[in-house]
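For reference, work13.txt (compact mmCIF, N, CA and C atoms):
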# COMPACT_ATOMS: atom_id res chain seq x y z
N MET B 1 -14.09 -27.73 -7.21
CA MET B 1 -15.43 -27.68 -6.65
C MET B 1 -16.25 -26.69 -7.46
N ALA B 2 -17.35 -27.16 -8.02
CA ALA B 2 -18.22 -26.30 -8.82
C ALA B 2 -19.05 -25.43 -7.90
N GLU B 3 -19.10 -24.16 -8.19
CA GLU B 3 -19.89 -23.24 -7.36
C GLU B 3 -21.28 -23.10 -7.94
N GLN B 4 -22.26 -23.13 -7.05
CA GLN B 4 -23.65 -22.96 -7.45
C GLN B 4 -24.24 -21.87 -6.58
N THR B 5 -25.08 -21.06 -7.17
CA THR B 5 -25.75 -19.99 -6.44
C THR B 5 -27.21 -20.35 -6.27
N ILE B 6 -27.70 -20.23 -5.03
CA ILE B 6 -29.11 -20.46 -4.76
C ILE B 6 -29.81 -19.11 -4.88
N THR B 7 -30.85 -19.06 -5.69
CA THR B 7 -31.57 -17.82 -5.94
C THR B 7 -32.91 -17.82 -5.22
N ARG B 8 -33.58 -16.68 -5.27
CA ARG B 8 -34.93 -16.58 -4.72
C ARG B 8 -35.84 -17.61 -5.38
N ALA B 9 -35.69 -17.76 -6.68
CA ALA B 9 -36.51 -18.73 -7.42
C ALA B 9 -36.24 -20.15 -6.92
N ASP B 10 -34.99 -20.47 -6.63
CA ASP B 10 -34.65 -21.79 -6.10
C ASP B 10 -35.30 -22.02 -4.74
N LEU B 11 -35.26 -20.99 -3.89
CA LEU B 11 -35.89 -21.09 -2.57
C LEU B 11 -37.40 -21.29 -2.70
N SER B 12 -38.00 -20.52 -3.59
CA SER B 12 -39.45 -20.64 -3.83
C SER B 12 -39.80 -22.04 -4.32
N GLU B 13 -39.01 -22.55 -5.23
CA GLU B 13 -39.26 -23.89 -5.77
C GLU B 13 -39.12 -24.95 -4.69
N ALA B 14 -38.12 -24.79 -3.82
CA ALA B 14 -37.93 -25.75 -2.72
C ALA B 14 -39.14 -25.74 -1.79
N ILE B 15 -39.65 -24.56 -1.48
CA ILE B 15 -40.84 -24.47 -0.63
C ILE B 15 -42.03 -25.10 -1.33
N TYR B 16 -42.17 -24.83 -2.61
CA TYR B 16 -43.26 -25.42 -3.40
C TYR B 16 -43.19 -26.96 -3.32
N GLN B 17 -41.98 -27.51 -3.50
CA GLN B 17 -41.81 -28.97 -3.50
C GLN B 17 -42.00 -29.58 -2.11
N GLU B 18 -41.44 -28.92 -1.08
CA GLU B 18 -41.43 -29.49 0.27
C GLU B 18 -42.72 -29.25 1.05
N VAL B 19 -43.27 -28.05 0.93
CA VAL B 19 -44.40 -27.67 1.76
C VAL B 19 -45.72 -27.87 1.05
N GLY B 20 -45.71 -27.66 -0.25
CA GLY B 20 -46.94 -27.86 -1.00
C GLY B 20 -47.75 -26.60 -1.23
N LEU B 21 -47.17 -25.44 -0.91
CA LEU B 21 -47.84 -24.19 -1.25
C LEU B 21 -47.80 -24.03 -2.77
N SER B 22 -48.65 -23.17 -3.29
CA SER B 22 -48.58 -22.90 -4.73
C SER B 22 -47.27 -22.18 -5.03
N ARG B 23 -46.92 -22.14 -6.30
CA ARG B 23 -45.68 -21.44 -6.67
C ARG B 23 -45.75 -19.97 -6.29
N ASN B 24 -46.91 -19.34 -6.50
CA ASN B 24 -47.05 -17.92 -6.15
C ASN B 24 -46.96 -17.72 -4.64
N GLU B 25 -47.63 -18.59 -3.88
CA GLU B 25 -47.56 -18.49 -2.42
C GLU B 25 -46.14 -18.71 -1.92
N SER B 26 -45.44 -19.65 -2.53
CA SER B 26 -44.06 -19.92 -2.15
C SER B 26 -43.17 -18.71 -2.41
N ALA B 27 -43.35 -18.08 -3.58
CA ALA B 27 -42.57 -16.89 -3.92
C ALA B 27 -42.90 -15.75 -2.95
N ASP B 28 -44.18 -15.60 -2.63
CA ASP B 28 -44.59 -14.56 -1.68
C ASP B 28 -43.98 -14.80 -0.30
N LEU B 29 -43.94 -16.06 0.12
CA LEU B 29 -43.35 -16.40 1.43
C LEU B 29 -41.87 -16.05 1.48
N VAL B 30 -41.13 -16.41 0.43
CA VAL B 30 -39.70 -16.08 0.37
C VAL B 30 -39.51 -14.57 0.44
N GLU B 31 -40.28 -13.83 -0.33
CA GLU B 31 -40.17 -12.37 -0.33
C GLU B 31 -40.50 -11.79 1.04
N ALA B 32 -41.52 -12.32 1.70
CA ALA B 32 -41.91 -11.81 3.02
C ALA B 32 -40.80 -12.05 4.05
N VAL B 33 -40.21 -13.23 4.02
CA VAL B 33 -39.12 -13.54 4.97
C VAL B 33 -37.92 -12.63 4.72
N LEU B 34 -37.53 -12.48 3.46
CA LEU B 34 -36.38 -11.63 3.14
C LEU B 34 -36.66 -10.16 3.49
N ARG B 35 -37.89 -9.73 3.28
CA ARG B 35 -38.28 -8.35 3.62
C ARG B 35 -38.20 -8.13 5.13
N GLU B 36 -38.67 -9.10 5.92
CA GLU B 36 -38.60 -8.99 7.38
C GLU B 36 -37.16 -8.91 7.86
N ILE B 37 -36.31 -9.74 7.30
CA ILE B 37 -34.88 -9.72 7.67
C ILE B 37 -34.28 -8.38 7.29
N SER B 38 -34.52 -7.93 6.07
CA SER B 38 -33.96 -6.66 5.60
C SER B 38 -34.44 -5.49 6.44
N ASP B 39 -35.75 -5.45 6.71
CA ASP B 39 -36.30 -4.35 7.50
C ASP B 39 -35.70 -4.30 8.90
N ALA B 40 -35.54 -5.47 9.51
CA ALA B 40 -34.95 -5.52 10.85
C ALA B 40 -33.52 -4.99 10.82
N LEU B 41 -32.74 -5.38 9.83
CA LEU B 41 -31.35 -4.93 9.73
C LEU B 41 -31.27 -3.43 9.48
N VAL B 42 -32.14 -2.92 8.62
CA VAL B 42 -32.17 -1.48 8.35
C VAL B 42 -32.47 -0.71 9.64
N ASN B 43 -33.32 -1.29 10.49
CA ASN B 43 -33.68 -0.65 11.76
C ASN B 43 -32.66 -0.89 12.87
N GLY B 44 -31.54 -1.53 12.53
CA GLY B 44 -30.49 -1.73 13.51
C GLY B 44 -30.69 -2.93 14.43
N GLU B 45 -31.66 -3.78 14.10
CA GLU B 45 -31.90 -4.97 14.91
C GLU B 45 -31.02 -6.12 14.45
N MET B 46 -30.74 -7.04 15.38
CA MET B 46 -30.03 -8.26 15.02
C MET B 46 -31.08 -9.31 14.65
N VAL B 47 -30.77 -10.15 13.68
CA VAL B 47 -31.66 -11.23 13.27
C VAL B 47 -30.97 -12.55 13.59
N LYS B 48 -31.58 -13.35 14.46
CA LYS B 48 -31.02 -14.65 14.82
C LYS B 48 -31.96 -15.74 14.32
N ILE B 49 -31.40 -16.67 13.57
CA ILE B 49 -32.16 -17.81 13.09
C ILE B 49 -31.52 -19.04 13.72
N SER B 50 -32.26 -19.67 14.63
CA SER B 50 -31.74 -20.79 15.39
C SER B 50 -31.18 -21.87 14.47
N SER B 51 -30.05 -22.43 14.83
CA SER B 51 -29.35 -23.49 14.10
C SER B 51 -28.87 -23.06 12.72
N PHE B 52 -28.92 -21.77 12.44
CA PHE B 52 -28.43 -21.25 11.16
C PHE B 52 -27.38 -20.19 11.38
N GLY B 53 -27.77 -19.07 12.01
CA GLY B 53 -26.80 -18.01 12.28
C GLY B 53 -27.50 -16.71 12.59
N SER B 54 -26.68 -15.67 12.71
CA SER B 54 -27.25 -14.35 13.01
C SER B 54 -26.68 -13.31 12.06
N PHE B 55 -27.55 -12.37 11.74
CA PHE B 55 -27.21 -11.24 10.87
C PHE B 55 -27.24 -9.99 11.73
N ALA B 56 -26.31 -9.09 11.48
CA ALA B 56 -26.29 -7.83 12.23
C ALA B 56 -25.68 -6.75 11.36
N VAL B 57 -25.88 -5.51 11.78
CA VAL B 57 -25.26 -4.37 11.12
C VAL B 57 -24.36 -3.71 12.15
N ARG B 58 -23.13 -3.42 11.75
CA ARG B 58 -22.17 -2.76 12.63
C ARG B 58 -21.79 -1.43 12.03
N SER B 59 -21.54 -0.48 12.89
CA SER B 59 -21.06 0.83 12.44
C SER B 59 -19.55 0.85 12.56
N LYS B 60 -18.90 1.24 11.49
CA LYS B 60 -17.45 1.36 11.50
C LYS B 60 -17.11 2.84 11.47
N GLY B 61 -16.21 3.22 12.32
CA GLY B 61 -15.80 4.62 12.37
C GLY B 61 -14.85 4.99 11.25
N GLU B 62 -14.60 6.28 11.15
CA GLU B 62 -13.66 6.76 10.14
C GLU B 62 -12.26 6.28 10.52
N ARG B 63 -11.48 5.92 9.51
CA ARG B 63 -10.11 5.50 9.77
C ARG B 63 -9.25 5.85 8.56
N VAL B 64 -7.97 5.69 8.73
CA VAL B 64 -7.04 5.98 7.64
C VAL B 64 -6.65 4.66 7.00
N GLY B 65 -6.81 4.60 5.69
CA GLY B 65 -6.40 3.43 4.92
C GLY B 65 -5.25 3.80 4.01
N ARG B 66 -4.84 2.85 3.22
CA ARG B 66 -3.72 3.08 2.32
C ARG B 66 -4.06 2.55 0.94
N ASN B 67 -3.79 3.37 -0.08
CA ASN B 67 -3.95 2.93 -1.45
C ASN B 67 -2.88 1.88 -1.72
N PRO B 68 -3.25 0.64 -2.06
CA PRO B 68 -2.23 -0.40 -2.22
C PRO B 68 -1.27 -0.16 -3.39
N LYS B 69 -1.71 0.58 -4.40
CA LYS B 69 -0.83 0.84 -5.54
C LYS B 69 0.21 1.91 -5.23
N THR B 70 -0.25 2.98 -4.59
CA THR B 70 0.64 4.13 -4.39
C THR B 70 1.18 4.23 -2.98
N GLY B 71 0.54 3.54 -2.03
CA GLY B 71 0.95 3.67 -0.63
C GLY B 71 0.43 4.94 0.02
N GLU B 72 -0.30 5.75 -0.73
CA GLU B 72 -0.82 7.02 -0.22
C GLU B 72 -1.91 6.76 0.82
N GLU B 73 -1.87 7.52 1.90
CA GLU B 73 -2.90 7.41 2.92
C GLU B 73 -4.18 8.08 2.44
N VAL B 74 -5.30 7.40 2.65
CA VAL B 74 -6.60 7.95 2.27
C VAL B 74 -7.59 7.72 3.41
N PRO B 75 -8.48 8.70 3.65
CA PRO B 75 -9.47 8.49 4.71
C PRO B 75 -10.56 7.53 4.24
N ILE B 76 -10.96 6.63 5.14
CA ILE B 76 -12.08 5.74 4.88
C ILE B 76 -13.22 6.27 5.73
N LEU B 77 -14.30 6.67 5.08
CA LEU B 77 -15.41 7.32 5.77
C LEU B 77 -16.17 6.33 6.66
N PRO B 78 -16.84 6.85 7.68
CA PRO B 78 -17.66 5.97 8.52
C PRO B 78 -18.76 5.33 7.69
N ARG B 79 -19.08 4.10 8.03
CA ARG B 79 -20.13 3.41 7.28
C ARG B 79 -20.71 2.29 8.12
N ARG B 80 -21.83 1.77 7.64
CA ARG B 80 -22.45 0.62 8.29
C ARG B 80 -22.18 -0.60 7.42
N VAL B 81 -21.81 -1.70 8.04
CA VAL B 81 -21.52 -2.93 7.31
C VAL B 81 -22.38 -4.06 7.88
N HIS B 82 -22.76 -4.98 7.02
CA HIS B 82 -23.52 -6.13 7.49
C HIS B 82 -22.58 -7.28 7.77
N VAL B 83 -22.92 -8.07 8.78
CA VAL B 83 -22.12 -9.23 9.14
C VAL B 83 -23.04 -10.43 9.34
N PHE B 84 -22.52 -11.59 9.02
CA PHE B 84 -23.24 -12.83 9.27
C PHE B 84 -22.32 -13.73 10.07
N ARG B 85 -22.86 -14.29 11.13
CA ARG B 85 -22.10 -15.22 11.94
C ARG B 85 -22.86 -16.54 11.95
N ALA B 86 -22.23 -17.57 11.40
CA ALA B 86 -22.88 -18.88 11.32
C ALA B 86 -22.95 -19.51 12.70
N SER B 87 -24.03 -20.25 12.95
CA SER B 87 -24.17 -20.97 14.21
C SER B 87 -23.22 -22.16 14.21
N HIS B 88 -22.99 -22.72 15.40
CA HIS B 88 -22.14 -23.91 15.49
C HIS B 88 -22.77 -25.08 14.74
N VAL B 89 -24.09 -25.16 14.76
CA VAL B 89 -24.78 -26.23 14.04
C VAL B 89 -24.49 -26.13 12.55
N LEU B 90 -24.59 -24.93 11.98
CA LEU B 90 -24.31 -24.73 10.56
C LEU B 90 -22.84 -24.99 10.25
N LYS B 91 -21.95 -24.50 11.10
CA LYS B 91 -20.52 -24.75 10.89
C LYS B 91 -20.22 -26.24 10.87
N ASP B 92 -20.81 -26.97 11.81
CA ASP B 92 -20.59 -28.42 11.86
C ASP B 92 -21.11 -29.10 10.60
N ARG B 93 -22.29 -28.69 10.13
CA ARG B 93 -22.85 -29.28 8.90
C ARG B 93 -21.95 -28.99 7.70
N ILE B 94 -21.44 -27.77 7.62
CA ILE B 94 -20.56 -27.39 6.50
C ILE B 94 -19.28 -28.21 6.55
N ASN B 95 -18.70 -28.31 7.73
CA ASN B 95 -17.45 -29.07 7.87
C ASN B 95 -17.66 -30.56 7.61
N GLU B 96 -18.78 -31.09 8.04
CA GLU B 96 -19.10 -32.50 7.77
C GLU B 96 -19.27 -32.72 6.28
N GLY B 97 -19.92 -31.79 5.59
CA GLY B 97 -20.08 -31.88 4.15
C GLY B 97 -18.75 -31.81 3.42
N ALA B 98 -17.84 -30.99 3.95
CA ALA B 98 -16.51 -30.87 3.33
C ALA B 98 -15.74 -32.19 3.47
N LYS B 99 -15.90 -32.85 4.61
CA LYS B 99 -15.22 -34.13 4.84
C LYS B 99 -15.75 -35.19 3.87
N GLN B 100 -17.07 -35.20 3.67
CA GLN B 100 -17.68 -36.19 2.78
C GLN B 100 -17.33 -35.92 1.33
N GLY B 101 -17.15 -34.64 0.98
CA GLY B 101 -16.83 -34.28 -0.41
C GLY B 101 -15.37 -34.49 -0.76
N ALA B 102 -14.50 -34.56 0.27
CA ALA B 102 -13.06 -34.76 0.02
C ALA B 102 -12.78 -36.21 -0.30
N HIS B 103 -11.88 -36.43 -1.25
CA HIS B 103 -11.54 -37.82 -1.63
C HIS B 103 -10.14 -38.13 -1.21
What is this file in structure tokens?
Amino acid sequence: MAEQTITRADLSEAIYQEVGLSRNESADLVEAVLREISDALVNGEMVKISSFGSFAVRSKGERVGRNPKTGEEVPILPRRVHVFRASHVLKDRINEGAKQGAH
């Protein structure tokens, strides 16, 4: 399966083709949406996009990990991590696509 990455430019082009905004307006729209999502996550808010999924930031406490090479215990500092949980609609679409792509 060939992997393809969708970029900001690809999103802008899709909006340009589908909606009919100018290329600059399409790029500005993509940036505005991504900025809103990013700002909300930075502020600790959850972002839910219906039929797509939700983005959130979780705080992980300090814990003890292990260096896989040496087996030595090392502290893992507290940190914030981002998580994405796909909606059932998106999961179903992905699984349906996988079925169609399998031979």
Point to revise | Spatial neighbours of region 55-67 of chain B, 6 Å, all atoms listed in the file, chain gap at least 3 places, as a count of residues only | key: 21
**Study point:** Coordinates-based distance that separates atom N of Ala40 (chain B) from CA of Thr7 (chain B) (Å, one decimal)
**Key:**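 So the two atoms, CA of Thr7 (chain B) and atom N of Ala40 (chain B), lie 20.2 Å apart.
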**Study point:** Using only C-alpha atoms: which of B:Ser87, B:Asn24, B:Ser54, B:Asn95 has the shortest distance to Ser12 (chain B)
**Key:**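 Of all the options, B:Asn24 lies closest to Ser12 (chain B).
Between atom C of Phe52 (chain B) and CA of Leu90 (chain B) lies a distance of 5.5 Å.
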Practice item. Extract the full set of helix (DSSP H, G or I) residues from region 3-102 of chain B according to DSSP on the backbone, and format it as a ChimeraX atom specification. Key: /B:8-19,23-42,88-101
Review point. By how many Å are atom C of Ile37 (chain B) and atom N of Glu3 (chain B) apart?
Key: 26.8 Å
Point to revise | Proximity to Val30 (chain B) - best of B:Tyr16, B:Ala98, B:Gly44, B:Arg8, only C-alpha atoms | key: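 The closest residue to Val30 (chain B) is B:Arg8.
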**Study point:** All strand (DSSP E or B) residues (DSSP, backbone) inside chain B, as a PyMOL selection string
**Key:** chain B and resi 47-49+53-60+63-66+73-76+79-86
Review point. When distances are computed from only C-alpha atoms, which of B:Val42, B:Leu29, B:Gly97, B:Glu36 shows the smallest separation from Ile15 (chain B)?
Key: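 Distance minimum relative to Ile15 (chain B) lands on B:Leu29.
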